[in-house]
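*Asks:* Here you go, entry.cif (mmCIF, C-alpha atoms and all ligand atoms):
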```cif
data_model
loop_
_atom_site.group_PDB
_atom_site.id
_atom_site.type_symbol
_atom_site.label_atom_id
_atom_site.label_comp_id
_atom_site.auth_asym_id
_atom_site.auth_seq_id
_atom_site.Cartn_x
_atom_site.Cartn_y
_atom_site.Cartn_z
ATOM 1 C CA MET R 2 93.048 113.895 106.418
ATOM 2 C CA PHE R 3 95.635 111.897 108.344
ATOM 3 C CA ASP R 4 94.282 112.394 111.874
ATOM 4 C CA THR R 5 93.209 108.815 112.559
ATOM 5 C CA LEU R 6 96.336 107.321 111.015
ATOM 6 C CA SER R 7 98.525 109.765 112.959
ATOM 7 C CA GLU R 8 96.802 108.888 116.181
ATOM 8 C CA ARG R 9 97.153 105.162 115.620
ATOM 9 C CA LEU R 10 100.811 105.376 114.666
ATOM 10 C CA GLY R 11 101.456 107.765 117.545
ATOM 11 C CA GLY R 12 100.127 105.151 119.967
ATOM 12 C CA VAL R 13 102.353 102.424 118.529
ATOM 13 C CA PHE R 14 105.422 104.652 118.624
ATOM 14 C CA ASP R 15 104.814 105.845 122.169
ATOM 15 C CA ARG R 16 104.809 102.241 123.316
ATOM 16 C CA LEU R 17 107.992 101.503 121.379
ATOM 17 C CA ARG R 18 109.816 104.527 122.723
ATOM 18 C CA GLY R 19 108.579 103.849 126.219
ATOM 19 C CA ARG R 20 110.601 100.670 126.447
ATOM 20 C CA GLY R 21 114.325 100.566 126.930
ATOM 21 C CA ALA R 22 115.457 97.446 125.143
ATOM 22 C CA LEU R 23 113.527 96.018 122.195
ATOM 23 C CA THR R 24 113.417 92.463 120.955
ATOM 24 C CA GLU R 25 112.706 91.458 117.392
ATOM 25 C CA GLU R 26 109.299 90.275 118.580
ATOM 26 C CA ASP R 27 108.536 93.751 119.961
ATOM 27 C CA VAL R 28 109.305 95.234 116.553
ATOM 28 C CA THR R 29 107.299 92.575 114.736
ATOM 29 C CA GLU R 30 104.329 93.225 116.995
ATOM 30 C CA ALA R 31 104.580 97.001 116.539
ATOM 31 C CA LEU R 32 104.811 96.592 112.774
ATOM 32 C CA ARG R 33 101.753 94.395 112.755
ATOM 33 C CA GLU R 34 99.892 97.296 114.358
ATOM 34 C CA VAL R 35 101.385 99.695 111.816
ATOM 35 C CA ARG R 36 100.143 97.448 109.014
ATOM 36 C CA VAL R 37 96.616 97.375 110.427
ATOM 37 C CA ALA R 38 96.667 101.162 110.846
ATOM 38 C CA LEU R 39 97.743 101.604 107.209
ATOM 39 C CA ILE R 40 95.065 99.272 105.897
ATOM 40 C CA GLU R 41 92.427 100.998 107.985
ATOM 41 C CA ALA R 42 93.606 104.273 106.454
ATOM 42 C CA ASP R 43 92.687 102.724 103.080
ATOM 43 C CA VAL R 44 96.272 102.189 101.959
ATOM 44 C CA ALA R 45 96.402 99.561 99.201
ATOM 45 C CA LEU R 46 97.228 96.144 100.636
ATOM 46 C CA PRO R 47 100.439 95.514 98.648
ATOM 47 C CA VAL R 48 101.689 98.972 99.621
ATOM 48 C CA ALA R 49 101.006 98.345 103.308
ATOM 49 C CA ARG R 50 102.786 94.994 103.068
ATOM 50 C CA SER R 51 105.873 96.264 101.336
ATOM 51 C CA PHE R 52 105.977 99.229 103.714
ATOM 52 C CA VAL R 53 106.150 96.976 106.738
ATOM 53 C CA ALA R 54 108.621 94.603 105.060
ATOM 54 C CA LYS R 55 110.997 97.483 104.298
ATOM 55 C CA VAL R 56 110.843 98.830 107.837
ATOM 56 C CA LYS R 57 111.413 95.408 109.301
ATOM 57 C CA GLU R 58 114.388 94.647 107.083
ATOM 58 C CA ARG R 59 116.087 97.877 108.042
ATOM 59 C CA ALA R 60 115.170 97.749 111.705
ATOM 60 C CA VAL R 61 116.572 94.282 112.146
ATOM 61 C CA GLY R 62 119.458 94.623 109.689
ATOM 62 C CA ARG R 63 121.079 97.763 111.035
ATOM 63 C CA GLU R 64 121.673 96.556 114.557
ATOM 64 C CA VAL R 65 119.062 99.045 115.567
ATOM 65 C CA LEU R 66 117.925 96.848 118.392
ATOM 66 C CA LYS R 67 121.296 97.048 120.125
ATOM 67 C CA SER R 68 121.424 100.838 120.043
ATOM 68 C CA ILE R 69 120.671 102.872 123.149
ATOM 69 C CA THR R 70 117.439 104.284 121.755
ATOM 70 C CA PRO R 71 115.978 101.447 119.682
ATOM 71 C CA GLY R 72 112.404 102.754 119.755
ATOM 72 C CA GLN R 73 113.561 106.103 118.459
ATOM 73 C CA GLN R 74 115.526 104.400 115.680
ATOM 74 C CA VAL R 75 112.554 102.346 114.544
ATOM 75 C CA VAL R 76 110.408 105.489 114.396
ATOM 76 C CA LYS R 77 113.119 107.153 112.296
ATOM 77 C CA ILE R 78 113.102 104.195 109.890
ATOM 78 C CA VAL R 79 109.309 104.368 109.599
ATOM 79 C CA HIS R 80 109.664 108.060 108.794
ATOM 80 C CA ASP R 81 112.232 107.354 106.064
ATOM 81 C CA VAL R 82 110.147 104.591 104.476
ATOM 82 C CA LEU R 83 107.106 106.861 104.619
ATOM 83 C CA VAL R 84 108.979 109.581 102.729
ATOM 84 C CA GLU R 85 110.073 107.023 100.122
ATOM 85 C CA THR R 86 106.540 105.661 99.768
ATOM 86 C CA LEU R 87 105.107 109.132 99.278
ATOM 87 C CA GLY R 88 108.047 110.367 97.367
ATOM 88 C CA GLY R 89 110.670 109.219 95.039
ATOM 89 C CA SER R 90 113.596 111.340 94.103
ATOM 90 C CA GLU R 91 113.967 115.035 94.611
ATOM 91 C CA GLY R 92 112.727 117.275 91.828
ATOM 92 C CA ASP R 93 110.186 114.646 90.896
ATOM 93 C CA HIS R 94 107.431 116.743 92.348
ATOM 94 C CA GLU R 95 108.177 119.893 90.409
ATOM 95 C CA LEU R 96 106.573 120.824 87.127
ATOM 96 C CA ASN R 97 108.863 120.290 84.208
ATOM 97 C CA LEU R 98 108.162 123.163 81.833
ATOM 98 C CA ASN R 99 111.573 123.205 80.287
ATOM 99 C CA ARG R 100 110.598 123.843 76.689
ATOM 100 C CA PRO R 101 110.277 126.741 74.274
ATOM 101 C CA ALA R 102 107.151 128.791 75.027
ATOM 102 C CA PRO R 103 104.240 128.383 74.883
ATOM 103 C CA VAL R 104 104.389 125.197 76.947
ATOM 104 C CA PRO R 105 101.166 123.142 77.005
ATOM 105 C CA VAL R 106 100.027 121.577 80.290
ATOM 106 C CA LEU R 107 97.133 119.146 80.025
ATOM 107 C CA MET R 108 94.730 118.718 82.935
ATOM 108 C CA VAL R 109 92.808 115.435 82.955
ATOM 109 C CA GLY R 110 90.491 113.660 85.374
ATOM 110 C CA LEU R 111 86.945 112.783 86.259
ATOM 111 C CA GLN R 112 84.182 115.328 86.623
ATOM 112 C CA GLY R 113 83.976 116.647 90.155
ATOM 113 C CA SER R 114 87.556 115.735 91.033
ATOM 114 C CA GLY R 115 88.521 119.401 91.252
ATOM 115 C CA LYS R 116 90.102 119.633 87.818
ATOM 116 C CA THR R 117 88.914 123.107 86.858
ATOM 117 C CA THR R 118 89.671 124.540 90.290
ATOM 118 C CA SER R 119 93.133 122.962 90.234
ATOM 119 C CA THR R 120 93.786 124.337 86.748
ATOM 120 C CA ALA R 121 93.192 127.861 88.010
ATOM 121 C CA LYS R 122 95.157 127.245 91.212
ATOM 122 C CA ILE R 123 98.217 126.012 89.317
ATOM 123 C CA ALA R 124 97.933 128.832 86.770
ATOM 124 C CA LEU R 125 97.832 131.389 89.571
ATOM 125 C CA ARG R 126 100.829 129.804 91.280
ATOM 126 C CA LEU R 127 102.872 129.822 88.051
ATOM 127 C CA GLN R 128 102.013 133.471 87.526
ATOM 128 C CA LYS R 129 102.670 134.557 91.071
ATOM 129 C CA THR R 130 105.709 132.583 92.112
ATOM 130 C CA GLU R 131 107.365 131.872 88.792
ATOM 131 C CA LYS R 132 106.284 135.025 86.992
ATOM 132 C CA LYS R 133 105.019 133.024 84.017
ATOM 133 C CA LYS R 134 102.421 134.455 81.687
ATOM 134 C CA VAL R 135 99.666 131.845 81.698
ATOM 135 C CA LEU R 136 96.686 131.295 79.398
ATOM 136 C CA MET R 137 93.908 128.892 80.412
ATOM 137 C CA ALA R 138 91.449 127.227 78.056
ATOM 138 C CA SER R 139 88.527 124.911 78.747
ATOM 139 C CA LEU R 140 88.122 122.101 76.237
ATOM 140 C CA ASP R 141 84.872 120.890 77.786
ATOM 141 C CA THR R 142 82.613 121.344 74.784
ATOM 142 C CA ARG R 143 79.801 119.342 76.355
ATOM 143 C CA ARG R 144 79.407 121.459 79.442
ATOM 144 C CA PRO R 145 79.211 125.190 78.765
ATOM 145 C CA ALA R 146 79.029 125.656 82.546
ATOM 146 C CA ALA R 147 82.526 124.227 82.886
ATOM 147 C CA MET R 148 83.872 126.763 80.378
ATOM 148 C CA GLU R 149 82.107 129.534 82.218
ATOM 149 C CA GLN R 150 83.501 128.275 85.535
ATOM 150 C CA LEU R 151 87.086 128.479 84.263
ATOM 151 C CA LYS R 152 86.436 131.978 82.958
ATOM 152 C CA VAL R 153 85.084 133.112 86.340
ATOM 153 C CA LEU R 154 88.009 131.499 88.175
ATOM 154 C CA GLY R 155 90.377 133.228 85.759
ATOM 155 C CA GLU R 156 88.784 136.584 86.497
ATOM 156 C CA GLN R 157 89.069 135.956 90.239
ATOM 157 C CA ALA R 158 92.675 134.882 89.993
ATOM 158 C CA GLY R 159 93.741 137.431 87.414
ATOM 159 C CA VAL R 160 94.688 134.710 84.927
ATOM 160 C CA LYS R 161 93.726 135.110 81.269
ATOM 161 C CA THR R 162 91.352 132.612 79.669
ATOM 162 C CA LEU R 163 90.905 131.948 75.985
ATOM 163 C CA PRO R 164 87.705 133.653 74.756
ATOM 164 C CA ILE R 165 84.882 131.134 74.432
ATOM 165 C CA VAL R 166 83.802 130.432 70.843
ATOM 166 C CA ALA R 167 80.735 128.235 70.449
ATOM 167 C CA GLY R 168 80.746 125.297 68.050
ATOM 168 C CA GLN R 169 84.442 124.371 68.133
ATOM 169 C CA SER R 170 85.710 120.891 68.911
ATOM 170 C CA ALA R 171 88.043 120.285 71.852
ATOM 171 C CA LEU R 172 90.940 119.872 69.459
ATOM 172 C CA GLN R 173 90.125 123.104 67.637
ATOM 173 C CA ILE R 174 90.033 124.962 70.935
ATOM 174 C CA ALA R 175 93.376 123.458 71.953
ATOM 175 C CA ASN R 176 94.926 124.568 68.658
ATOM 176 C CA ARG R 177 93.409 128.030 68.974
ATOM 177 C CA ALA R 178 94.785 128.312 72.507
ATOM 178 C CA MET R 179 98.303 127.404 71.373
ATOM 179 C CA GLU R 180 98.115 129.798 68.452
ATOM 180 C CA ALA R 181 96.828 132.659 70.624
ATOM 181 C CA ALA R 182 99.569 131.958 73.157
ATOM 182 C CA ARG R 183 102.216 132.038 70.432
ATOM 183 C CA LEU R 184 100.962 135.347 69.054
ATOM 184 C CA GLN R 185 100.470 136.964 72.432
ATOM 185 C CA GLY R 186 103.649 135.755 74.092
ATOM 186 C CA PHE R 187 102.242 133.476 76.788
ATOM 187 C CA ASP R 188 104.691 131.126 78.503
ATOM 188 C CA VAL R 189 102.305 128.366 79.553
ATOM 189 C CA VAL R 190 98.932 127.149 78.252
ATOM 190 C CA MET R 191 96.792 125.216 80.717
ATOM 191 C CA LEU R 192 94.302 122.998 78.887
ATOM 192 C CA ASP R 193 91.386 121.898 81.061
ATOM 193 C CA THR R 194 89.901 118.813 79.370
ATOM 194 C CA ALA R 195 86.349 117.508 79.722
ATOM 195 C CA GLY R 196 85.657 115.129 82.595
ATOM 196 C CA ARG R 197 83.076 112.402 83.002
ATOM 197 C CA LEU R 198 81.419 110.993 86.078
ATOM 198 C CA SER R 199 83.249 107.738 85.444
ATOM 199 C CA ILE R 200 85.841 106.474 83.019
ATOM 200 C CA ASP R 201 84.395 105.560 79.649
ATOM 201 C CA GLU R 202 85.905 104.830 76.285
ATOM 202 C CA GLN R 203 84.691 108.045 74.720
ATOM 203 C CA LEU R 204 86.358 110.160 77.382
ATOM 204 C CA MET R 205 89.601 108.239 77.119
ATOM 205 C CA ALA R 206 89.615 108.450 73.322
ATOM 206 C CA GLU R 207 88.974 112.187 73.350
ATOM 207 C CA VAL R 208 91.567 112.942 75.991
ATOM 208 C CA SER R 209 94.211 110.775 74.379
ATOM 209 C CA ASP R 210 93.557 112.435 70.990
ATOM 210 C CA ILE R 211 94.107 115.809 72.600
ATOM 211 C CA HIS R 212 97.206 114.475 74.288
ATOM 212 C CA ARG R 213 98.636 113.272 70.986
ATOM 213 C CA ALA R 214 97.845 116.509 69.179
ATOM 214 C CA THR R 215 99.173 118.900 71.816
ATOM 215 C CA ASP R 216 102.152 116.871 73.088
ATOM 216 C CA PRO R 217 101.996 118.461 76.549
ATOM 217 C CA ALA R 218 105.076 118.985 78.695
ATOM 218 C CA GLU R 219 103.011 117.897 81.692
ATOM 219 C CA THR R 220 99.874 115.764 81.830
ATOM 220 C CA LEU R 221 98.432 116.249 85.286
ATOM 221 C CA LEU R 222 95.784 113.863 86.499
ATOM 222 C CA VAL R 223 93.476 115.388 89.094
ATOM 223 C CA LEU R 224 92.167 112.947 91.691
ATOM 224 C CA ASP R 225 89.926 113.358 94.692
ATOM 225 C CA ALA R 226 91.726 112.026 97.776
ATOM 226 C CA LEU R 227 88.391 111.413 99.478
ATOM 227 C CA THR R 228 87.663 108.617 97.008
ATOM 228 C CA GLY R 229 90.562 106.573 98.420
ATOM 229 C CA GLN R 230 91.343 103.405 96.503
ATOM 230 C CA ASP R 231 89.040 104.504 93.673
ATOM 231 C CA ALA R 232 91.400 107.402 93.053
ATOM 232 C CA VAL R 233 94.292 104.967 92.758
ATOM 233 C CA GLN R 234 92.325 102.803 90.316
ATOM 234 C CA THR R 235 91.351 105.824 88.243
ATOM 235 C CA ALA R 236 95.036 106.718 88.058
ATOM 236 C CA GLU R 237 95.882 103.256 86.800
ATOM 237 C CA ARG R 238 93.247 103.508 84.071
ATOM 238 C CA PHE R 239 94.451 106.890 82.876
ATOM 239 C CA LYS R 240 98.055 105.726 82.909
ATOM 240 C CA GLU R 241 97.149 102.875 80.579
ATOM 241 C CA ARG R 242 96.040 105.394 78.017
ATOM 242 C CA MET R 243 98.481 108.273 78.268
ATOM 243 C CA PRO R 244 101.743 109.143 79.939
ATOM 244 C CA VAL R 245 100.504 110.878 83.077
ATOM 245 C CA THR R 246 103.448 112.907 84.358
ATOM 246 C CA GLY R 247 101.987 113.878 87.704
ATOM 247 C CA VAL R 248 99.026 113.744 90.025
ATOM 248 C CA VAL R 249 97.155 116.581 91.690
ATOM 249 C CA LEU R 250 95.498 115.148 94.765
ATOM 250 C CA THR R 251 92.583 117.316 95.858
ATOM 251 C CA ARG R 252 90.584 117.556 99.083
ATOM 252 C CA LEU R 253 93.490 116.696 101.328
ATOM 253 C CA ASP R 254 91.802 119.169 103.667
ATOM 254 C CA GLY R 255 88.839 116.785 103.944
ATOM 255 C CA ASP R 256 88.390 114.038 106.488
ATOM 256 C CA GLY R 257 89.286 111.110 104.260
ATOM 257 C CA ARG R 258 91.660 108.466 105.496
ATOM 258 C CA GLY R 259 94.725 109.379 103.485
ATOM 259 C CA GLY R 260 95.310 106.005 101.840
ATOM 260 C CA ALA R 261 95.237 107.428 98.315
ATOM 261 C CA ALA R 262 98.173 109.721 99.041
ATOM 262 C CA LEU R 263 100.178 106.844 100.436
ATOM 263 C CA SER R 264 99.389 104.312 97.722
ATOM 264 C CA MET R 265 99.551 106.527 94.662
ATOM 265 C CA ARG R 266 103.260 106.490 93.951
ATOM 266 C CA GLU R 267 103.841 102.803 94.461
ATOM 267 C CA VAL R 268 100.730 101.594 92.637
ATOM 268 C CA THR R 269 100.799 103.975 89.676
ATOM 269 C CA GLY R 270 104.394 105.202 89.526
ATOM 270 C CA ALA R 271 103.069 108.744 89.081
ATOM 271 C CA PRO R 272 104.470 111.371 91.433
ATOM 272 C CA ILE R 273 102.009 113.573 93.282
ATOM 273 C CA LYS R 274 102.936 117.114 92.276
ATOM 274 C CA PHE R 275 100.343 119.192 94.077
ATOM 275 C CA ALA R 276 97.899 118.808 96.928
ATOM 276 C CA GLY R 277 94.593 120.662 96.941
ATOM 277 C CA VAL R 278 93.850 121.795 100.471
ATOM 278 C CA GLY R 279 90.656 123.839 100.172
ATOM 279 C CA GLU R 280 88.214 125.536 97.861
ATOM 280 C CA LYS R 281 89.996 128.876 97.756
ATOM 281 C CA ILE R 282 92.072 129.706 94.704
ATOM 282 C CA ASP R 283 95.314 129.735 96.695
ATOM 283 C CA ALA R 284 94.590 126.503 98.589
ATOM 284 C CA LEU R 285 97.243 124.489 96.790
ATOM 285 C CA ASP R 286 100.447 123.044 98.231
ATOM 286 C CA ALA R 287 103.453 121.875 96.298
ATOM 287 C CA PHE R 288 103.631 118.230 97.306
ATOM 288 C CA ASP R 289 106.486 117.629 99.697
ATOM 289 C CA PRO R 290 106.954 114.026 100.914
ATOM 290 C CA GLU R 291 109.044 115.136 103.932
ATOM 291 C CA ARG R 292 106.402 117.553 105.107
ATOM 292 C CA MET R 293 103.597 115.081 104.449
ATOM 293 C CA ALA R 294 105.437 112.355 106.373
ATOM 294 C CA GLY R 295 105.917 114.840 109.192
ATOM 295 C CA ARG R 296 102.185 115.528 109.249
ATOM 296 C CA ILE R 297 101.375 111.839 109.343
ATOM 297 C CA LEU R 298 103.821 111.067 112.129
ATOM 298 C CA GLY R 299 102.869 114.221 114.046
HETATM 299 P P1 LIG E 1 85.859 119.399 88.083
HETATM 300 O O1 LIG E 1 84.478 118.948 87.710
HETATM 301 O O2 LIG E 1 86.805 118.257 88.182
HETATM 302 O O3 LIG E 1 86.395 120.490 87.223
HETATM 303 O O4 LIG E 1 85.751 119.935 89.583
HETATM 304 P P2 LIG E 1 85.708 121.430 90.130
HETATM 305 O O5 LIG E 1 87.021 122.099 89.940
HETATM 306 O O6 LIG E 1 84.499 122.105 89.618
HETATM 307 O O7 LIG E 1 85.567 121.141 91.699
HETATM 308 C C1 LIG E 1 84.417 120.545 92.256
HETATM 309 C C2 LIG E 1 84.212 121.093 93.667
HETATM 310 O O8 LIG E 1 85.288 120.694 94.506
HETATM 311 C C3 LIG E 1 84.187 122.611 93.725
HETATM 312 O O9 LIG E 1 83.184 123.014 94.612
HETATM 313 C C4 LIG E 1 85.562 122.985 94.266
HETATM 314 O O10 LIG E 1 85.554 124.187 94.985
HETATM 315 C C5 LIG E 1 85.861 121.807 95.171
HETATM 316 N N1 LIG E 1 87.298 121.574 95.355
HETATM 317 C C6 LIG E 1 88.260 121.445 94.415
HETATM 318 N N2 LIG E 1 89.465 121.198 94.980
HETATM 319 C C7 LIG E 1 89.268 121.169 96.319
HETATM 320 C C8 LIG E 1 90.134 120.937 97.458
HETATM 321 O O11 LIG E 1 91.347 120.709 97.369
HETATM 322 N N3 LIG E 1 89.535 120.982 98.692
HETATM 323 C C9 LIG E 1 88.196 121.214 98.844
HETATM 324 N N4 LIG E 1 87.708 121.226 100.073
HETATM 325 N N5 LIG E 1 87.369 121.416 97.812
HETATM 326 C C10 LIG E 1 87.888 121.402 96.561
#
```
Hey, can you dump this file as structure tokens for me?
Ligand code: GDP

*Replies:*
Amino acid sequence: MFDTLSERLGGVFDRLRGRGALTEEDVTEALREVRVALIEADVALPVARSFVAKVKERAVGREVLKSITPGQQVVKIVHDVLVETLGGSEGDHELNLNRPAPVPVLMVGLQGSGKTTSTAKIALRLQKTEKKKVLMASLDTRRPAAMEQLKVLGEQAGVKTLPIVAGQSALQIANRAMEAARLQGFDVVMLDTAGRLSIDEQLMAEVSDIHRATDPAETLLVLDALTGQDAVQTAERFKERMPVTGVVLTRLDGDGRGGAALSMREVTGAPIKFAGVGEKIDALDAFDPERMAGRILG
């Protein structure tokens, strides 16, 4: 995902490190190249701008240029700003399920973003690493195939799904899922909502009704990283309608340009909580800004 960006930044940094002394002009020139590299990686323009401004302020302000390894220092500052841009504070990227069981988690997003797959991946992770008892339910009443898909994924992953009952509304299914979870002692209920190919009023109304009725502890918006700036815009639209508590960015294993990952936090304020890194049921990483910054800087 970040190969091209890594390569470009690597080139800039090699030149910086290669020099002994650095002038402010050297830094300005290097940062201009960094800005171009970010924009070419599809990072939102305001994010690229503020990124470079932050690095410059720190690089010039901290007497970095007079140190014995100025190039190295500038690279360190870029790393720190990258972590901040991806990140936010510690703990931000964890699921907050601190509530009496059963805890509802709402999965929202466009059709094809990887929502159903991510639902099963997160459910499996909660079961395996946190020993939670998880129930999954598909609320996609319009697409029986989507319900079937969640059921099959559940069977593969060993995660229980709510039995499918034809003719119920999304809200009725959500209520049935919560009731079943209460009676059967589940800890977490993952609600996989219906998606659409694009955002429309009907989708937003339905999802926000479900949100209001279920009052989820987490509302996770699933976004396809390959769609770049579109993913960021989709996030903005969803955030207008409901309090999205976190983002699941899928297809980070693909050969997109990575801009969505870098812009998401600053543009939408929503922390990325998980990264989808493949089609397999265990291809999910907890999002770690330090590690991601490390990958980008190589
Ligand atoms: P939904 O319509 O949003 O529920 O999307 P699905 O969960 O059905 O996913 C659509 C396709 O994307 C499926 O073929 C998934 O296997 C694939 N997919 C989901 N997440 C990832 C990911 O992180 N990486 C890759 N390479 N494929 C993914």

*Asks:* Taking the file as shown, what set of residues would the PyMOL selection byres (((chain R and resi 221) around 8) and not hetatm) give back, as number ranges by chain?

*Replies:* R: 106-109, 219-220, 222-223, 245-249

*Asks:* If you measure from CA of Ala171 in chain R to CA of Leu98 in chain R, what distance in Å do you get, rounded to one decimal?

*Replies:*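 That distance, rounded to one decimal, is 22.6 Å.
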
*Asks:* Write out as a tab-separated table the residues of range 177-219 of chain R that have any atom within 7 Å of an atom of range 138-161 of chain R, one row each with the nearest atom pair and its distance in Å to one decimal, counting all atoms listed in the file, sorted by chain and then rising number.

*Replies:*
```
residue	atom	partner	partner_atom	distance
R:Ala178	CA	R:Ala138	CA	6.6
R:Met191	CA	R:Ala138	CA	6.3
R:Leu192	CA	R:Ala138	CA	5.2
R:Asp193	CA	R:Ser139	CA	4.8
R:Thr194	CA	R:Leu140	CA	4.9
R:Ala195	CA	R:Asp141	CA	4.2
```

*Asks:* Kindly provide the residues of range 5-29 of chain R that approach range 41-63 of chain R to within 8 Å, each paired with its closest atom pair and their distance in Å to one decimal, based on all atoms listed in the file, listed by chain and increasing number, as JSON lines.

*Replies:*
```
{"residue": "R:Thr5", "atom": "CA", "partner": "R:Ala42", "partner_atom": "CA", "distance": 7.6}
{"residue": "R:Leu6", "atom": "CA", "partner": "R:Ala42", "partner_atom": "CA", "distance": 6.1}
{"residue": "R:Glu25", "atom": "CA", "partner": "R:Val61", "partner_atom": "CA", "distance": 7.1}
{"residue": "R:Val28", "atom": "CA", "partner": "R:Lys57", "partner_atom": "CA", "distance": 7.6}
{"residue": "R:Thr29", "atom": "CA", "partner": "R:Lys57", "partner_atom": "CA", "distance": 7.4}
```

*Asks:* Can you list, as a tab-separated table (two decimals) with C-alpha atoms, in the frame of the given file, the residues that the PyMOL selection byres (((not hetatm)) within 9 of (chain E and resi 1)) selects here?

*Replies:*
```tsv
chain	number	residue	atom	x	y	z
R	109	VAL	CA	92.81	115.44	82.96
R	110	GLY	CA	90.49	113.66	85.37
R	111	LEU	CA	86.94	112.78	86.26
R	112	GLN	CA	84.18	115.33	86.62
R	113	GLY	CA	83.98	116.65	90.16
R	114	SER	CA	87.56	115.74	91.03
R	115	GLY	CA	88.52	119.40	91.25
R	116	LYS	CA	90.10	119.63	87.82
R	117	THR	CA	88.91	123.11	86.86
R	118	THR	CA	89.67	124.54	90.29
R	119	SER	CA	93.13	122.96	90.23
R	120	THR	CA	93.79	124.34	86.75
R	121	ALA	CA	93.19	127.86	88.01
R	147	ALA	CA	82.53	124.23	82.89
R	150	GLN	CA	83.50	128.28	85.54
R	151	LEU	CA	87.09	128.48	84.26
R	193	ASP	CA	91.39	121.90	81.06
R	194	THR	CA	89.90	118.81	79.37
R	195	ALA	CA	86.35	117.51	79.72
R	196	GLY	CA	85.66	115.13	82.60
R	197	ARG	CA	83.08	112.40	83.00
R	198	LEU	CA	81.42	110.99	86.08
R	223	VAL	CA	93.48	115.39	89.09
R	224	LEU	CA	92.17	112.95	91.69
R	225	ASP	CA	89.93	113.36	94.69
R	226	ALA	CA	91.73	112.03	97.78
R	250	LEU	CA	95.50	115.15	94.76
R	251	THR	CA	92.58	117.32	95.86
R	252	ARG	CA	90.58	117.56	99.08
R	253	LEU	CA	93.49	116.70	101.33
R	254	ASP	CA	91.80	119.17	103.67
R	255	GLY	CA	88.84	116.78	103.94
R	276	ALA	CA	97.90	118.81	96.93
R	277	GLY	CA	94.59	120.66	96.94
R	278	VAL	CA	93.85	121.80	100.47
R	279	GLY	CA	90.66	123.84	100.17
R	280	GLU	CA	88.21	125.54	97.86
R	281	LYS	CA	90.00	128.88	97.76
R	282	ILE	CA	92.07	129.71	94.70
R	284	ALA	CA	94.59	126.50	98.59
R	285	LEU	CA	97.24	124.49	96.79
```

*Asks:* Show which residues sit within 12 Å of Gly270 in chain R, as a PDB file with C-alpha atoms, in the frame of the given file. Count only C-alpha atoms, and ignore same-chain residues fewer than 3 positions away.

*Replies:*
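Wrote it out as part01.pdb, contents follow:
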```pdb
ATOM      1  CA  THR R  86     106.540 105.661  99.768  1.00  0.00           C
ATOM      2  CA  LEU R  87     105.107 109.132  99.278  1.00  0.00           C
ATOM      3  CA  GLY R  88     108.047 110.367  97.367  1.00  0.00           C
ATOM      4  CA  GLY R  89     110.670 109.219  95.039  1.00  0.00           C
ATOM      5  CA  SER R  90     113.596 111.340  94.103  1.00  0.00           C
ATOM      6  CA  ASP R  93     110.186 114.646  90.896  1.00  0.00           C
ATOM      7  CA  VAL R 233      94.292 104.967  92.758  1.00  0.00           C
ATOM      8  CA  ALA R 236      95.036 106.718  88.058  1.00  0.00           C
ATOM      9  CA  GLU R 237      95.882 103.256  86.800  1.00  0.00           C
ATOM     10  CA  LYS R 240      98.055 105.726  82.909  1.00  0.00           C
ATOM     11  CA  GLU R 241      97.149 102.875  80.579  1.00  0.00           C
ATOM     12  CA  PRO R 244     101.743 109.143  79.939  1.00  0.00           C
ATOM     13  CA  VAL R 245     100.504 110.878  83.077  1.00  0.00           C
ATOM     14  CA  THR R 246     103.448 112.907  84.358  1.00  0.00           C
ATOM     15  CA  GLY R 247     101.987 113.878  87.704  1.00  0.00           C
ATOM     16  CA  VAL R 248      99.026 113.744  90.025  1.00  0.00           C
ATOM     17  CA  LEU R 263     100.178 106.844 100.436  1.00  0.00           C
ATOM     18  CA  SER R 264      99.389 104.312  97.722  1.00  0.00           C
ATOM     19  CA  MET R 265      99.551 106.527  94.662  1.00  0.00           C
ATOM     20  CA  ARG R 266     103.260 106.490  93.951  1.00  0.00           C
ATOM     21  CA  GLU R 267     103.841 102.803  94.461  1.00  0.00           C
ATOM     22  CA  ILE R 273     102.009 113.573  93.282  1.00  0.00           C
TER      23      ILE R 273
END
```

*Asks:* Carefully work through the PyMOL selection byres (((chain R and resi 176) around 12) and not hetatm) for this structure and note down the residues it includes, as a PyMOL selection string.

*Replies:* chain R and resi 103+105+138-140+163+169-175+177-183+190+192+211-212+214-216

*Asks:* Using all atoms listed in the file, can you tell me which of R:Arg18, R:Arg292, R:Arg258, R:Lys133 comes closest to Leu39 in chain R?

*Replies:*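 Among R:Arg18, R:Arg292, R:Arg258, R:Lys133, it is R:Arg258 that comes nearest to Leu39 in chain R.
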
*Asks:* With all atoms listed in the file as the basis for distance, which of R:Glu207, R:Asp201, R:Asp231, R:Glu131 is at the shortest distance from Asp188 in chain R?

*Replies:*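 Going through R:Glu207, R:Asp201, R:Asp231, R:Glu131 one by one, the smallest distance to Asp188 in chain R is for R:Glu131.
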
*Asks:* If you count only C-alpha atoms, which residues fall within 9 Å of Pro71 in chain R, apart from same-chain ones fewer than 3 positions away, as a compact mmCIF listing (two decimals) with C-alpha atoms, keeping the file's coordinate frame?

*Replies:*
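Once written, selection.txt looks like this:
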```
# COMPACT_ATOMS: atom_id res chain seq x y z
CA LEU R 17 107.99 101.50 121.38
CA ARG R 18 109.82 104.53 122.72
CA ARG R 20 110.60 100.67 126.45
CA GLY R 21 114.32 100.57 126.93
CA ALA R 22 115.46 97.45 125.14
CA LEU R 23 113.53 96.02 122.20
CA ALA R 60 115.17 97.75 111.70
CA VAL R 65 119.06 99.04 115.57
CA LEU R 66 117.92 96.85 118.39
CA LYS R 67 121.30 97.05 120.12
CA SER R 68 121.42 100.84 120.04
CA GLN R 74 115.53 104.40 115.68
CA VAL R 75 112.55 102.35 114.54
CA VAL R 76 110.41 105.49 114.40
```
